[in-house]
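One structure below.
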Amino acid sequence: MQRRNFLTNLFAFVPLILGFLGISKMSMDFLTPTRKAQLRKVFASNLADLPINGTKEMIDLKGNKFNLIRTGEKEVKALSTTCTHLGCSVYWEADKNQFYCPCHQGVFDSDGNVVSGPPPTKLDSYETEIIGSNIYIFMKDNIA
Amino acid sequence: MSIKNWISESFPVDNEALSHASSEPIPNHMKKWWWALGGTPFYMFVVQIITGLLLAFYYVPNPDVAYESVSKITNEVSYGWLIRSIHKWSANIMMATVILHMMRVFFTQAYRKPRELNWMFGVIIFLLTLILGFTGYSLIYEQMSYWAMKVGTEIAAATPFVGNWIANFMRGGEDIGQATLSRMHILHVLILPMVMVILLFIHVYLIRTLGVTDLRFKNEEKAERKTFPFWPNHVMTELVMVALIMFVLVALSLIWPAHMGAKADPTTTPMHIKPEWYFYPVYRWLKLSNLTLGVIVPMICVGILFFWPFIDRFFEKVFPKKEVGFWIGVLGALLLTVLLFWETIAH
């Protein structure tokens with residue numbers, strides 16, 4: 001290739017390719033969601049409304065169900081009912097004392113540990129805090 | 001100047017080139033009328049474009065009213081139920097005939113040199129058909145379609161390294177919502193059909209330039225190659241198929257019209273949940289294996305399918321005349337059939 005042709009090609013195509021790459025990057029950024037959900041501390045219940053060993057089915061800020069369980073005088077746990085396999089919601093089977101996922105037949109015990117089926121990890125739990133007689137739960141909001 | 005002259009002057013057509021393009025020699029085995037498995041999904045795609053355009057007049061891609069708009073199409077709009085049913089059934093027939101067409105090409109080894117690249121385009125068309133089915137089903141926003149969307153994006157999230165990025169890109173965020181429905185909608189009605197048209201054009205162009213594989217049955221190996229012209233002979237065969245399939249399509253739509261399930265409830269997965277039948281094998285596989293294998297194995301299978309012409313050539317070189325490729329095909333087809341029926345009869 002002659003030097004003149006090479007230079008012509010260089011000046012014509014390099015900016016063109018760089019421009020194309022720049023526009024592609026901008027387009028991908030445009031299509032990629034940027035807002036991330038934030039963790040919030042939300043009032044969930046009053047201790048008086050939840051007897052020891054009692055459970056309450058609730059919905060978090062993202063619309064997912066979870067179970068609030070009082071395990072002691074000043075102890076509570078909040079267990080997600082979203083299956084850790086592929087995100088379906090699990091059912092509580094009281095007669096078998098277990099959670100069952102209808103999507104791919106995963107089974108969890110009452111603490112959320114995997115008993116059988118394909119779920120890779122135990123059910124997620126939410127961090128809780130008791131201040132006075134109020135129960136608070138840390139949950140992600142739904143701004144994304 | 002007569003109108004005829006004016007048209008031929010303003011829109012010149014090279015009749016000779018047109019005649020050459022339409023008189024492609026077709027091998028004699030294609031005279032049998034059922035030899036139209038490649039044309040059938042193409043025709044189904046055309047039916048889906050037409051019915052899809054009609055449905056788009058009423059469909060609203062908004063999570064609050066999407067379900068209601070589909071309900072309106074099904075229950076209020078004149079012939080809406082029929083248009084929707086034909087759209088649904090043509091998608092199913094397209095899927096089934098694409099699979100049958102691929103099996104025919106596979107077992108007749110029509111993907112061999114020089115048609116390797118066209119096989120690969122065919123595999124991409126097959127994957128696009130699956131994605132079109134998935135995105136279209138998501139738009140209804142009923143319980144099953146919502147949870148199919150949820151499980152589908154979570155499967156994407158389980159892809160090693162780039163999974164979360166892909167899932168967030170598909171959903172337009174961390175959860176299913178307005179952004180997800182907008183993305184599914186634009187993919188289903190514009191981007192994927194556009195890509196499909198381009199790929200079909202390339203697929204047909206390559207068939208036209210490379211020619212249809214000449215199949216020789218027993219006792220025909222040494223016979224002279226016989227052909228017949230594409231136009232009008234083969235076109236007529238295809239038209240007979242079009243009439244027959246249109247009849248089947250309308251009959252299916254009348255007997256089993258598309259119905260509506262319950263509206264999507266993001267908090268509760270239905271107790272009995274299943275995807276569309278063409279995802280049954282993968283769905284069953286996900287129940288049988290752990291999550292990583294559940295996602296990686298289907299990906300490897302697609303990879304093998306995509307590069308099959310080269311893998312087959314390798315087997316042919318290492319184990320000549322042993323027909324290893326054929327038996328791998330039989331094993332694969334049997335495995336998929338078992339998984340399909342297993343999921344079909346499972347409660």
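By order in the structure tokens, chains are A, B, ...; within a chain, residues start at 1; ligands start at 1, following the order shown.
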
Requested in this report: Step one, run DSSP on the backbone; step two, keep only residues of range 5-134 of chain A assigned to alpha helix (DSSP H); then write them as a list in words.
Outcome: Asn5, Phe6, Leu7, Thr8, Asn9, Leu10, Phe11, Ala12, Phe13, Val14, Pro15, Leu16, Ile17, Leu18, Gly19, Phe20, Leu21, Gly22, Ile23, Ser24, Lys25, Met26, Ser27, Met28, Asp29, Phe30 and Leu31 of chain A

Keeping only N, CA and C atoms, write the selected residues to a file as an mmCIF file, in the first residue's frame.
```cif
data_model
loop_
_atom_site.group_PDB
_atom_site.id
_atom_site.type_symbol
_atom_site.label_atom_id
_atom_site.label_comp_id
_atom_site.auth_asym_id
_atom_site.auth_seq_id
_atom_site.Cartn_x
_atom_site.Cartn_y
_atom_site.Cartn_z
ATOM 1 N N ASN A 5 -2.036 6.374 0.377
ATOM 2 C CA ASN A 5 -3.268 5.609 0.605
ATOM 3 C C ASN A 5 -3.398 5.195 2.071
ATOM 4 N N PHE A 6 -2.263 4.787 2.606
ATOM 5 C CA PHE A 6 -2.275 4.348 4.001
ATOM 6 C C PHE A 6 -2.721 5.485 4.906
ATOM 7 N N LEU A 7 -2.135 6.661 4.656
ATOM 8 C CA LEU A 7 -2.492 7.811 5.495
ATOM 9 C C LEU A 7 -3.948 8.204 5.306
ATOM 10 N N THR A 8 -4.413 8.143 4.037
ATOM 11 C CA THR A 8 -5.816 8.487 3.761
ATOM 12 C C THR A 8 -6.727 7.544 4.550
ATOM 13 N N ASN A 9 -6.406 6.229 4.453
ATOM 14 C CA ASN A 9 -7.219 5.249 5.170
ATOM 15 C C ASN A 9 -7.169 5.487 6.677
ATOM 16 N N LEU A 10 -5.957 5.789 7.136
ATOM 17 C CA LEU A 10 -5.780 6.001 8.572
ATOM 18 C C LEU A 10 -6.648 7.158 9.053
ATOM 19 N N PHE A 11 -6.590 8.280 8.321
ATOM 20 C CA PHE A 11 -7.354 9.450 8.754
ATOM 21 C C PHE A 11 -8.851 9.274 8.541
ATOM 22 N N ALA A 12 -9.214 8.440 7.568
ATOM 23 C CA ALA A 12 -10.645 8.261 7.297
ATOM 24 C C ALA A 12 -11.267 7.256 8.264
ATOM 25 N N PHE A 13 -10.581 6.128 8.450
ATOM 26 C CA PHE A 13 -11.240 5.026 9.166
ATOM 27 C C PHE A 13 -11.020 5.035 10.676
ATOM 28 N N VAL A 14 -9.843 5.464 11.109
ATOM 29 C CA VAL A 14 -9.601 5.431 12.552
ATOM 30 C C VAL A 14 -10.596 6.314 13.306
ATOM 31 N N PRO A 15 -10.799 7.596 12.891
ATOM 32 C CA PRO A 15 -11.806 8.396 13.608
ATOM 33 C C PRO A 15 -13.201 7.791 13.489
ATOM 34 N N LEU A 16 -13.482 7.171 12.320
ATOM 35 C CA LEU A 16 -14.802 6.569 12.100
ATOM 36 C C LEU A 16 -15.034 5.433 13.098
ATOM 37 N N ILE A 17 -14.004 4.562 13.215
ATOM 38 C CA ILE A 17 -14.122 3.416 14.132
ATOM 39 C C ILE A 17 -14.192 3.906 15.585
ATOM 40 N N LEU A 18 -13.338 4.904 15.906
ATOM 41 C CA LEU A 18 -13.363 5.437 17.275
ATOM 42 C C LEU A 18 -14.727 6.052 17.580
ATOM 43 N N GLY A 19 -15.253 6.784 16.602
ATOM 44 C CA GLY A 19 -16.579 7.399 16.767
ATOM 45 C C GLY A 19 -17.645 6.341 16.986
ATOM 46 N N PHE A 20 -17.564 5.282 16.196
ATOM 47 C CA PHE A 20 -18.539 4.189 16.297
ATOM 48 C C PHE A 20 -18.454 3.530 17.679
ATOM 49 N N LEU A 21 -17.205 3.300 18.138
ATOM 50 C CA LEU A 21 -17.019 2.687 19.456
ATOM 51 C C LEU A 21 -17.576 3.597 20.561
ATOM 52 N N GLY A 22 -17.340 4.913 20.394
ATOM 53 C CA GLY A 22 -17.840 5.883 21.382
ATOM 54 C C GLY A 22 -19.356 5.857 21.450
ATOM 55 N N ILE A 23 -19.984 5.847 20.274
ATOM 56 C CA ILE A 23 -21.456 5.838 20.230
ATOM 57 C C ILE A 23 -21.991 4.526 20.812
ATOM 58 N N SER A 24 -21.294 3.403 20.517
ATOM 59 C CA SER A 24 -21.717 2.105 21.064
ATOM 60 C C SER A 24 -21.655 2.126 22.579
ATOM 61 N N LYS A 25 -20.565 2.689 23.105
ATOM 62 C CA LYS A 25 -20.403 2.762 24.565
ATOM 63 C C LYS A 25 -21.516 3.608 25.185
ATOM 64 N N MET A 26 -21.800 4.756 24.537
ATOM 65 C CA MET A 26 -22.856 5.630 25.061
ATOM 66 C C MET A 26 -24.204 4.913 25.032
ATOM 67 N N SER A 27 -24.455 4.169 23.936
ATOM 68 C CA SER A 27 -25.738 3.456 23.806
ATOM 69 C C SER A 27 -25.866 2.397 24.893
ATOM 70 N N MET A 28 -24.769 1.652 25.137
ATOM 71 C CA MET A 28 -24.818 0.608 26.161
ATOM 72 C C MET A 28 -25.043 1.220 27.544
ATOM 73 N N ASP A 29 -24.344 2.362 27.802
ATOM 74 C CA ASP A 29 -24.540 3.034 29.095
ATOM 75 C C ASP A 29 -25.980 3.507 29.242
ATOM 76 N N PHE A 30 -26.532 4.008 28.133
ATOM 77 C CA PHE A 30 -27.912 4.495 28.141
ATOM 78 C C PHE A 30 -28.873 3.376 28.527
ATOM 79 N N LEU A 31 -28.598 2.162 27.990
ATOM 80 C CA LEU A 31 -29.496 1.035 28.225
ATOM 81 C C LEU A 31 -29.239 0.319 29.548
#
```

Which residues of range 11-94 of chain A have any atom within 8 Å of an atom in range 131-134 of chain A when counting only C-alpha atoms, and what is the closest pair of atoms for each, with the distance in Å to one decimal? Order the rows by chain and rising number and write it as CSV.
```
residue,atom,partner,partner_atom,distance
A:Phe43,CA,A:Asn134,CA,7.1
A:Ala44,CA,A:Asn134,CA,7.7
A:Ser45,CA,A:Asn134,CA,6.2
A:Asn46,CA,A:Asn134,CA,4.7
A:Leu47,CA,A:Ser133,CA,5.3
A:Ala48,CA,A:Ser133,CA,7.4
```

Taking only C-alpha atoms into account, produce a table as JSON lines in which each residue of chain B with an atom at most 8 Å from an atom of chain A appears once, together with its shortest atom pair and the distance in Å to one decimal, ordered by chain and rising number.
```
{"residue": "B:Trp147", "atom": "CA", "partner": "A:Cys88", "partner_atom": "CA", "distance": 7.1}
{"residue": "B:Lys150", "atom": "CA", "partner": "A:Gly87", "partner_atom": "CA", "distance": 6.7}
{"residue": "B:Val151", "atom": "CA", "partner": "A:Leu86", "partner_atom": "CA", "distance": 5.2}
{"residue": "B:Glu154", "atom": "CA", "partner": "A:Leu86", "partner_atom": "CA", "distance": 5.1}
{"residue": "B:Ile155", "atom": "CA", "partner": "A:Leu86", "partner_atom": "CA", "distance": 6.5}
{"residue": "B:Asn168", "atom": "CA", "partner": "A:Pro33", "partner_atom": "CA", "distance": 7.2}
{"residue": "B:Phe169", "atom": "CA", "partner": "A:Thr32", "partner_atom": "CA", "distance": 5.7}
{"residue": "B:Gly172", "atom": "CA", "partner": "A:Pro33", "partner_atom": "CA", "distance": 5.6}
{"residue": "B:Gly173", "atom": "CA", "partner": "A:Ala144", "partner_atom": "CA", "distance": 5.4}
{"residue": "B:Glu174", "atom": "CA", "partner": "A:Ala144", "partner_atom": "CA", "distance": 6.3}
{"residue": "B:Asp175", "atom": "CA", "partner": "A:Ala144", "partner_atom": "CA", "distance": 7.6}
{"residue": "B:Pro266", "atom": "CA", "partner": "A:Gly63", "partner_atom": "CA", "distance": 6.9}
{"residue": "B:Thr267", "atom": "CA", "partner": "A:Asn64", "partner_atom": "CA", "distance": 5.5}
{"residue": "B:Thr268", "atom": "CA", "partner": "A:Ser89", "partner_atom": "CA", "distance": 5.8}
{"residue": "B:Thr269", "atom": "CA", "partner": "A:Ser89", "partner_atom": "CA", "distance": 5.2}
{"residue": "B:Pro270", "atom": "CA", "partner": "A:Pro102", "partner_atom": "CA", "distance": 7.3}
{"residue": "B:Met271", "atom": "CA", "partner": "A:Pro102", "partner_atom": "CA", "distance": 5.4}
{"residue": "B:His272", "atom": "CA", "partner": "A:Pro102", "partner_atom": "CA", "distance": 6.3}
{"residue": "B:Ile273", "atom": "CA", "partner": "A:Cys103", "partner_atom": "CA", "distance": 6.0}
{"residue": "B:Lys274", "atom": "CA", "partner": "A:Cys103", "partner_atom": "CA", "distance": 7.6}
{"residue": "B:Tyr283", "atom": "CA", "partner": "A:His104", "partner_atom": "CA", "distance": 7.9}
{"residue": "B:Leu286", "atom": "CA", "partner": "A:His104", "partner_atom": "CA", "distance": 7.0}
{"residue": "B:Lys287", "atom": "CA", "partner": "A:His104", "partner_atom": "CA", "distance": 4.9}
{"residue": "B:Leu288", "atom": "CA", "partner": "A:Pro118", "partner_atom": "CA", "distance": 7.2}
{"residue": "B:Ser289", "atom": "CA", "partner": "A:Pro118", "partner_atom": "CA", "distance": 6.3}
{"residue": "B:Asn290", "atom": "CA", "partner": "A:Pro118", "partner_atom": "CA", "distance": 4.9}
{"residue": "B:Leu291", "atom": "CA", "partner": "A:Pro118", "partner_atom": "CA", "distance": 6.4}
```

Query - Computed interatomic separation between CA of Phe108 in chain A and CA of Asn67 in chain A (Å) - result: 13.5 Å

**Report entry** For CA of Leu68 in chain A and CA of Thr55 in chain A, the interatomic separation in Å (one decimal)
**Finding:** 5.5 Å

Requested in this report: Would you mind writing down, as a PyMOL selection string, each residue of chain A that DSSP on the backbone assigns to strand (DSSP E)?
Outcome: chain A and resi 39-46+55-59+65-72+75-80+91-93+98-100+107-109+114-116+125-126+128-131+134-140

Query raised in the report: Quick one: residues within 12 Å of Leu54 in chain B, only C-alpha atoms counted, chain neighbours fewer than 2 positions away excluded, as an MDAnalysis selection string?
Result: chainID B and resid 47:52 56:59 73 77:84 86:87 189

Residue contacts of range 235-245 of chain B (8 Å, only C-alpha atoms) excluding same-chain residues fewer than 3 positions away, as a PDB file with N, CA and C atoms, in the first residue's frame:
```pdb
ATOM      1  N   LYS B  31     -40.173 -32.884  -4.820  1.00  0.00           N
ATOM      2  CA  LYS B  31     -41.499 -32.919  -5.437  1.00  0.00           C
ATOM      3  C   LYS B  31     -42.528 -33.452  -4.447  1.00  0.00           C
ATOM      4  N   TRP B  33     -44.821 -33.530  -1.544  1.00  0.00           N
ATOM      5  CA  TRP B  33     -45.434 -32.313  -0.999  1.00  0.00           C
ATOM      6  C   TRP B  33     -45.098 -32.039   0.449  1.00  0.00           C
ATOM      7  N   TRP B  34     -44.713 -33.080   1.198  1.00  0.00           N
ATOM      8  CA  TRP B  34     -44.421 -32.835   2.615  1.00  0.00           C
ATOM      9  C   TRP B  34     -43.008 -32.279   2.827  1.00  0.00           C
ATOM     10  N   ALA B  36     -41.537 -29.591   2.904  1.00  0.00           N
ATOM     11  CA  ALA B  36     -41.661 -28.135   2.962  1.00  0.00           C
ATOM     12  C   ALA B  36     -41.442 -27.638   4.381  1.00  0.00           C
ATOM     13  N   GLY B  39     -39.978 -24.086   4.509  1.00  0.00           N
ATOM     14  CA  GLY B  39     -40.899 -23.023   4.096  1.00  0.00           C
ATOM     15  C   GLY B  39     -41.976 -22.759   5.137  1.00  0.00           C
ATOM     16  N   THR B  40     -42.369 -23.813   5.881  1.00  0.00           N
ATOM     17  CA  THR B  40     -43.475 -23.658   6.835  1.00  0.00           C
ATOM     18  C   THR B  40     -43.171 -22.643   7.942  1.00  0.00           C
ATOM     19  N   TYR B  43     -43.429 -19.207   6.553  1.00  0.00           N
ATOM     20  CA  TYR B  43     -44.808 -18.777   6.370  1.00  0.00           C
ATOM     21  C   TYR B  43     -45.434 -18.416   7.721  1.00  0.00           C
ATOM     22  N   PHE B 230     -37.916 -23.887  -9.525  1.00  0.00           N
ATOM     23  CA  PHE B 230     -38.535 -23.349  -8.306  1.00  0.00           C
ATOM     24  C   PHE B 230     -39.889 -22.719  -8.636  1.00  0.00           C
ATOM     25  N   TRP B 231     -39.858 -21.874  -9.686  1.00  0.00           N
ATOM     26  CA  TRP B 231     -41.095 -21.228 -10.142  1.00  0.00           C
ATOM     27  C   TRP B 231     -41.536 -21.865 -11.444  1.00  0.00           C
ATOM     28  N   PRO B 232     -42.754 -22.334 -11.625  1.00  0.00           N
ATOM     29  CA  PRO B 232     -43.849 -22.269 -10.646  1.00  0.00           C
ATOM     30  C   PRO B 232     -44.008 -23.560  -9.821  1.00  0.00           C
ATOM     31  N   VAL B 248     -55.238 -25.799   9.378  1.00  0.00           N
ATOM     32  CA  VAL B 248     -54.889 -26.360  10.697  1.00  0.00           C
ATOM     33  C   VAL B 248     -54.829 -25.252  11.746  1.00  0.00           C
ATOM     34  N   LEU B 249     -54.222 -24.122  11.354  1.00  0.00           N
ATOM     35  CA  LEU B 249     -54.047 -22.984  12.264  1.00  0.00           C
ATOM     36  C   LEU B 249     -55.394 -22.450  12.750  1.00  0.00           C
TER      37      LEU B 249
END
```

Report task. Would you mind listing what lies within 10 Å of Val76 in chain A as number ranges by chain, with only C-alpha atoms counted and same-chain residues fewer than 6 positions away left out? Result -> A: 47, 50, 52-55, 68-70, 127-130, 135-137

Query raised in the report: Given the choices B:Ala66, B:Val162, B:Val212, B:Leu181, which gets closest to His29 in chain B if the distance is worked out from only C-alpha atoms?
Result: B:Val212
